[in-house]
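Inspection log for the structure reproduced underneath, given as structure tokens.
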Amino acid sequence: MDLAPTEEQLLVQRTARDFAERVLIPKAPARDVSGEFPTAELKELAKLGLLAISVPDELGGAGAGTVAYSLAMQELARGDASVAVAVSVTNMVAELIALNASPALAKQWVPRLASGELVTGAFALSEPEAGSDPAAMRTLATKTASGWKISGTKQWITNGGHAGCMVVWAVTDPSAGHKGISAFVVDGKAPGVSVARLEEKLGLHGSATAQLVLENVEVGDDAVIGATGRGFALAMMALDGGRIGIASQAIGIARGALEAAVTYAKDRKTFGQEIIKHQAIGNMLADAATWLDASALMALRAAFLKEQKKPFSQEAAMAKLFATEHAWKICDIALQVHGGYGYVRDFPVERALRDVRVTRIYEGTSEIQRIVIARNLLRGLT
Ligand code: CAA
């Protein structure tokens, strides 16, 4: 494995960094207050080829692979974590459809997701009583003459209410357990789809998190991704990839917080010297920098394996677990280094601490990642 990024990966990373510096960072504090959804920014990202980075180019994606995607996610999250999660979910939805749907279905939806026409995609799996255990979902798809009618409630849906294209999971055979779940592509504006509530969250204020109700939403037979009964496995496969995205998001948020802490610690003086020269502060920053580096290497390994089409479920779960748990600690250290100034809005670290918290929850909680890792250990996979 070559740790040096390719020219293409560097280009994607530089483009994302430039966009974050130019557009995202200046607007992030105001977006945190207003909660404005970043439609214009997502359309600009689409023009730069950053909305569907790992999606095949023949379907309008950048075709730049998962390593480039991870590097870009880190840069975007360093700029504004709310924008990064909208990109992450859109990329995941576009990739899921591109790699698993019929060519006609993929051609119908993926280019419009990648081009920003549909701003954005949504991944409608979780339900009020089925989050960590999606096999317990209740949303039902009943057969009609020409397709399916879907009814149910979906919870914690990122980009909910904005998504022009959703992948919706529903039970098509209640007697078959997880093998009776299917995945459908649903027009986000289809009759019967409504936003029941928009959640008010601790952080990620510029990201829309909705409870969606689907009431007799009609789709054709051709809206099924893969085949009926394949939905659960498709969700698991997509989440494996999504976990690399969220690990990368956490790394980006933590990097921004650590950079702010180092800048502050080099400037702020107590007891006659810059606080970074006090061993207590230096040690905290050294730990944070080490955790960040380890997280980045773990995310890179998982992304590399995915790109090589090798098994990567275990590595993605480990990267997400380690990166998100440590990103939380890094942001806490960054806040602590700022002292009282860290707790107020004049500095970016209080927002980083709020934004990063959810990375330990969504796309599979840390407890779920441990389940995945432990089950693989049980099977003898390391
Ligand atoms: N890839 C492919 N198939 C997989 C798989 C994987 N990684 N993991 C499991 N499967 C398959 C199994 O092989 C099995 O198939 P067979 O029956 O054909 O053998 C089937 O799926 C069931 O597997 P399990 O018995 O292991 O399933 P389980 O019900 O015990 O659950 C779990 C396993 C890993 C805990 C899973 O439920 C899980 O990942 N839960 C967390 C869900 C989650 O991450 N939700 C996040 C919501 S989306 C989100 O947050 C997006 C956002 O907005 C930011």
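A note on labels: chains of the structure tokens are A, B, ... as shown, every chain counts residues from 1, and ligands are counted from 1 in their shown order.
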
Taking the DSSP secondary structure from the backbone, can you list the residues of region 86-271 of chain A that are strand (DSSP E), as a count of residues only?
54

Can you write out as CSV which residues of chain A fall within 6 Å of ligand 1, alongside each residue's closest atom pair and its distance in Å to one decimal, counting only C-alpha atoms and all ligand atoms and ordering rows by chain and ascending residue number?
residue,atom,partner,partner_atom_place_in_ligand_line,distance
A:Ser126,CA,ligand 1,47 (C),5.5
A:Gly131,CA,ligand 1,45 (N),5.7
A:Ser132,CA,ligand 1,41 (C),4.1
A:Asp133,CA,ligand 1,37 (O),4.6
A:Pro134,CA,ligand 1,37 (O),5.6
A:Ala135,CA,ligand 1,29 (O),5.6
A:Ile157,CA,ligand 1,53 (O),5.2
A:Thr158,CA,ligand 1,53 (O),4.3
A:Phe232,CA,ligand 1,21 (O),6.0
A:Ala233,CA,ligand 1,3 (N),4.2
A:Met236,CA,ligand 1,6 (C),4.5
A:Met237,CA,ligand 1,1 (N),4.2
A:Asp240,CA,ligand 1,7 (N),5.8
A:Ser313,CA,ligand 1,7 (N),5.5
A:Tyr362,CA,ligand 1,50 (O),3.9
A:Glu363,CA,ligand 1,50 (O),3.5
A:Gly364,CA,ligand 1,44 (O),3.2
A:Ile368,CA,ligand 1,35 (C),5.5
A:Val372,CA,ligand 1,34 (C),5.3

Atoms kept (all heavy atoms) for selection, written as a short mmCIF file (atom, residue, chain, number, x, y, z; two decimals), in the first residue's frame:
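File again.cif, as written:
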data_model
loop_
_atom_site.label_atom_id
_atom_site.label_comp_id
_atom_site.auth_asym_id
_atom_site.auth_seq_id
_atom_site.Cartn_x
_atom_site.Cartn_y
_atom_site.Cartn_z
N SER A 126 -33.72 4.34 8.91
CA SER A 126 -34.12 4.31 10.33
C SER A 126 -35.59 4.68 10.52
O SER A 126 -36.16 5.43 9.73
CB SER A 126 -33.27 5.30 11.14
OG SER A 126 -31.91 4.95 11.06
N GLY A 131 -33.68 1.95 14.87
CA GLY A 131 -32.49 2.72 14.51
C GLY A 131 -31.30 1.79 14.41
O GLY A 131 -30.87 1.41 13.32
N SER A 132 -30.81 1.36 15.59
CA SER A 132 -29.67 0.43 15.59
C SER A 132 -30.06 -0.93 15.02
O SER A 132 -29.20 -1.68 14.55
CB SER A 132 -29.15 0.24 17.02
OG SER A 132 -28.45 1.40 17.42
N ASP A 133 -31.35 -1.23 15.07
CA ASP A 133 -31.85 -2.54 14.62
C ASP A 133 -32.80 -2.35 13.45
O ASP A 133 -34.02 -2.50 13.59
CB ASP A 133 -32.55 -3.22 15.81
CG ASP A 133 -33.11 -4.60 15.46
OD1 ASP A 133 -32.73 -5.16 14.40
OD2 ASP A 133 -33.92 -5.12 16.25
N PRO A 134 -32.24 -2.04 12.27
CA PRO A 134 -33.13 -1.70 11.15
C PRO A 134 -34.00 -2.87 10.68
O PRO A 134 -35.03 -2.65 10.05
CB PRO A 134 -32.17 -1.26 10.04
CG PRO A 134 -30.82 -1.75 10.44
CD PRO A 134 -30.82 -1.91 11.91
N ALA A 135 -33.63 -4.09 11.05
CA ALA A 135 -34.45 -5.25 10.65
C ALA A 135 -35.83 -5.20 11.29
O ALA A 135 -36.76 -5.88 10.85
CB ALA A 135 -33.74 -6.55 11.01
N ILE A 157 -33.75 11.45 9.27
CA ILE A 157 -33.36 11.41 7.86
C ILE A 157 -32.60 12.69 7.49
O ILE A 157 -33.18 13.78 7.37
CB ILE A 157 -34.59 11.19 6.93
CG1 ILE A 157 -35.35 9.93 7.39
CG2 ILE A 157 -34.13 11.08 5.48
CD1 ILE A 157 -34.50 8.66 7.52
N THR A 158 -31.30 12.51 7.32
CA THR A 158 -30.43 13.61 6.89
C THR A 158 -30.86 14.07 5.50
O THR A 158 -31.12 13.23 4.63
CB THR A 158 -28.96 13.14 6.88
OG1 THR A 158 -28.59 12.76 8.20
CG2 THR A 158 -28.02 14.24 6.40
N PHE A 232 -31.91 -5.39 2.99
CA PHE A 232 -31.12 -5.33 4.23
C PHE A 232 -29.62 -5.43 3.92
O PHE A 232 -28.81 -4.64 4.43
CB PHE A 232 -31.55 -6.44 5.20
CG PHE A 232 -30.95 -6.28 6.57
CD1 PHE A 232 -31.53 -5.42 7.50
CD2 PHE A 232 -29.80 -6.96 6.93
CE1 PHE A 232 -30.97 -5.24 8.77
CE2 PHE A 232 -29.24 -6.80 8.20
CZ PHE A 232 -29.83 -5.93 9.12
N ALA A 233 -29.27 -6.36 3.09
CA ALA A 233 -27.84 -6.52 2.74
C ALA A 233 -27.32 -5.27 2.03
O ALA A 233 -26.19 -4.83 2.29
CB ALA A 233 -27.65 -7.76 1.86
N MET A 236 -26.60 -2.67 4.63
CA MET A 236 -25.37 -2.97 5.37
C MET A 236 -24.14 -2.60 4.54
O MET A 236 -23.17 -2.03 5.03
CB MET A 236 -25.31 -4.46 5.74
CG MET A 236 -26.35 -4.90 6.75
SD MET A 236 -26.19 -4.06 8.33
CE MET A 236 -27.63 -3.05 8.35
N MET A 237 -24.18 -2.95 3.25
CA MET A 237 -23.05 -2.65 2.37
C MET A 237 -22.87 -1.14 2.24
O MET A 237 -21.75 -0.63 2.31
CB MET A 237 -23.27 -3.27 0.98
CG MET A 237 -22.91 -4.75 0.94
SD MET A 237 -23.76 -5.66 -0.37
CE MET A 237 -23.52 -4.65 -1.77
N ASP A 240 -21.38 0.31 5.40
CA ASP A 240 -19.92 0.08 5.51
C ASP A 240 -19.17 1.24 4.87
O ASP A 240 -18.21 1.78 5.43
CB ASP A 240 -19.53 -1.23 4.80
CG ASP A 240 -19.86 -2.47 5.63
OD1 ASP A 240 -20.10 -2.32 6.85
OD2 ASP A 240 -19.88 -3.57 5.06
N SER A 313 -15.36 -4.10 5.73
CA SER A 313 -16.38 -3.83 6.74
C SER A 313 -15.75 -3.63 8.12
O SER A 313 -16.05 -2.67 8.84
CB SER A 313 -17.35 -5.02 6.74
OG SER A 313 -18.28 -4.88 7.74
N TYR A 362 -24.59 8.59 14.55
CA TYR A 362 -25.20 8.21 13.26
C TYR A 362 -24.29 7.33 12.41
O TYR A 362 -23.12 7.17 12.71
CB TYR A 362 -25.77 9.40 12.51
CG TYR A 362 -24.91 10.55 12.04
CD1 TYR A 362 -23.54 10.46 11.85
CD2 TYR A 362 -25.52 11.77 11.75
CE1 TYR A 362 -22.81 11.53 11.38
CE2 TYR A 362 -24.80 12.86 11.28
CZ TYR A 362 -23.44 12.72 11.10
OH TYR A 362 -22.72 13.78 10.64
N GLU A 363 -24.92 6.73 11.41
CA GLU A 363 -24.27 5.72 10.57
C GLU A 363 -23.78 4.53 11.42
O GLU A 363 -22.76 3.91 11.12
CB GLU A 363 -23.11 6.36 9.79
CG GLU A 363 -23.11 5.94 8.35
CD GLU A 363 -23.59 7.01 7.38
OE1 GLU A 363 -24.54 7.76 7.73
OE2 GLU A 363 -23.07 7.04 6.28
N GLY A 364 -24.52 4.25 12.50
CA GLY A 364 -24.16 3.18 13.42
C GLY A 364 -23.44 3.74 14.62
O GLY A 364 -22.35 4.32 14.48
N ILE A 368 -22.68 -0.11 18.06
CA ILE A 368 -22.91 -0.96 16.88
C ILE A 368 -21.57 -1.31 16.21
O ILE A 368 -21.35 -2.45 15.78
CB ILE A 368 -23.86 -0.27 15.88
CG1 ILE A 368 -25.29 -0.28 16.42
CG2 ILE A 368 -23.82 -0.94 14.49
CD1 ILE A 368 -25.96 -1.64 16.54
N VAL A 372 -20.12 -5.05 15.33
CA VAL A 372 -19.58 -5.49 14.03
C VAL A 372 -18.17 -6.07 14.22
O VAL A 372 -17.85 -7.17 13.73
CB VAL A 372 -19.55 -4.32 13.01
CG1 VAL A 372 -18.80 -4.71 11.74
CG2 VAL A 372 -20.96 -3.85 12.68
#

Would you mind reading off the distance between CA of Gly177 (chain A) and CA of Gly152 (chain A), one decimal, in Å?
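Separation of CA of Gly177 (chain A) and CA of Gly152 (chain A): 17.1 Å.
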
Can you pull out the residues contacting Ile150 (chain A)? Cut-off 8 Å, using only C-alpha atoms, and skip same-chain residues under 3 positions away; I want them as a list in words.
Thr139, Leu140, Ala141, Thr142, Ala170, Leu214, Glu215, Asn216, Val217, Glu218 and Val219 of chain A

Take the selection from the previous step and output its residues with N, CA, C and O atoms, as a PDB file, in the first residue's frame.
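Result written to part34.pdb:
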ATOM      1  N   THR A 139     -42.149   0.076   8.132  1.00  0.00           N
ATOM      2  CA  THR A 139     -42.625   0.637   6.853  1.00  0.00           C
ATOM      3  C   THR A 139     -42.913  -0.513   5.900  1.00  0.00           C
ATOM      4  O   THR A 139     -42.096  -1.427   5.741  1.00  0.00           O
ATOM      5  N   LEU A 140     -44.105  -0.428   5.302  1.00  0.00           N
ATOM      6  CA  LEU A 140     -44.590  -1.566   4.525  1.00  0.00           C
ATOM      7  C   LEU A 140     -44.739  -1.176   3.058  1.00  0.00           C
ATOM      8  O   LEU A 140     -45.238  -0.095   2.750  1.00  0.00           O
ATOM      9  N   ALA A 141     -44.300  -2.035   2.185  1.00  0.00           N
ATOM     10  CA  ALA A 141     -44.569  -1.836   0.751  1.00  0.00           C
ATOM     11  C   ALA A 141     -45.522  -2.946   0.326  1.00  0.00           C
ATOM     12  O   ALA A 141     -45.211  -4.130   0.477  1.00  0.00           O
ATOM     13  N   THR A 142     -46.701  -2.544  -0.169  1.00  0.00           N
ATOM     14  CA  THR A 142     -47.667  -3.564  -0.603  1.00  0.00           C
ATOM     15  C   THR A 142     -47.756  -3.565  -2.125  1.00  0.00           C
ATOM     16  O   THR A 142     -47.671  -2.516  -2.766  1.00  0.00           O
ATOM     17  N   ALA A 170     -38.289  -0.730   2.912  1.00  0.00           N
ATOM     18  CA  ALA A 170     -39.629  -1.124   3.375  1.00  0.00           C
ATOM     19  C   ALA A 170     -39.735  -2.645   3.371  1.00  0.00           C
ATOM     20  O   ALA A 170     -39.025  -3.342   2.623  1.00  0.00           O
ATOM     21  N   LEU A 214     -44.440   8.584   4.936  1.00  0.00           N
ATOM     22  CA  LEU A 214     -44.813   8.137   3.592  1.00  0.00           C
ATOM     23  C   LEU A 214     -46.204   7.530   3.684  1.00  0.00           C
ATOM     24  O   LEU A 214     -46.440   6.617   4.499  1.00  0.00           O
ATOM     25  N   GLU A 215     -47.101   8.081   2.882  1.00  0.00           N
ATOM     26  CA  GLU A 215     -48.486   7.615   2.945  1.00  0.00           C
ATOM     27  C   GLU A 215     -48.908   7.167   1.555  1.00  0.00           C
ATOM     28  O   GLU A 215     -49.067   7.990   0.648  1.00  0.00           O
ATOM     29  N   ASN A 216     -48.998   5.861   1.383  1.00  0.00           N
ATOM     30  CA  ASN A 216     -49.393   5.313   0.076  1.00  0.00           C
ATOM     31  C   ASN A 216     -48.588   5.906  -1.078  1.00  0.00           C
ATOM     32  O   ASN A 216     -49.145   6.344  -2.080  1.00  0.00           O
ATOM     33  N   VAL A 217     -47.295   5.953  -0.905  1.00  0.00           N
ATOM     34  CA  VAL A 217     -46.426   6.482  -1.964  1.00  0.00           C
ATOM     35  C   VAL A 217     -46.269   5.406  -3.035  1.00  0.00           C
ATOM     36  O   VAL A 217     -45.824   4.285  -2.747  1.00  0.00           O
ATOM     37  N   GLU A 218     -46.631   5.765  -4.264  1.00  0.00           N
ATOM     38  CA  GLU A 218     -46.628   4.746  -5.333  1.00  0.00           C
ATOM     39  C   GLU A 218     -45.331   4.788  -6.123  1.00  0.00           C
ATOM     40  O   GLU A 218     -44.882   5.859  -6.524  1.00  0.00           O
ATOM     41  N   VAL A 219     -44.748   3.617  -6.299  1.00  0.00           N
ATOM     42  CA  VAL A 219     -43.564   3.489  -7.164  1.00  0.00           C
ATOM     43  C   VAL A 219     -43.783   2.289  -8.087  1.00  0.00           C
ATOM     44  O   VAL A 219     -44.567   1.384  -7.774  1.00  0.00           O
TER      45      VAL A 219
END

Quick one: residues within 8 Å of Trp169 (chain A), only C-alpha atoms counted, chain neighbours fewer than 3 positions away excluded, as a count of residues only?
8

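The spacing separating CA of Arg112 (chain A) from CA of Ala145 (chain A) amounts to 28.4 Å.
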
Listing only residues of region 266-381 of chain A within 9 Å of region 23-46 of chain A, what is the closest atom pair and its distance in Å (to one decimal) for each, using only C-alpha atoms, sorted by chain and residue number ascending, as a Markdown table?
| residue | atom | partner | partner_atom | distance |
| --- | --- | --- | --- | --- |
| A:Arg345 | CA | A:Pro29 | CA | 8.3 |
| A:Pro348 | CA | A:Pro29 | CA | 7.7 |
| A:Arg351 | CA | A:Asp32 | CA | 7.8 |

Minimum-distance residue to Ala210 (chain A), chosen among A:Leu377, A:Ala122, A:Leu234, A:Ala68 (using only C-alpha atoms)
A:Ala122

Selected residue of minimal separation from Ala317 (chain A) among A:Arg22, A:Arg370, A:Arg354, A:Lys266, counting only C-alpha atoms:
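Ranking A:Arg22, A:Arg370, A:Arg354, A:Lys266 by distance to Ala317 (chain A), first place goes to A:Arg370.
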
Which residues, written as a count of residues only, have at least one atom at most 6 Å from region 323-331 of chain A, with only C-alpha atoms counted and residues fewer than 6 positions away on the same chain left out?
9

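You can rank A:Leu202, A:Leu71, A:Val168, A:Leu59 by their closest distance to Val110 (chain A) using only C-alpha atoms, and at the top of that list sits A:Leu59.
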
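Among A:Ala16, A:Leu76, A:Val89, A:Met284, the residue with the shortest atom-to-atom distance to Ile253 (chain A), counting only C-alpha atoms, is A:Leu76.
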
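Note that CA of Ile251 (chain A) and CA of His278 (chain A) are 25.8 Å apart.
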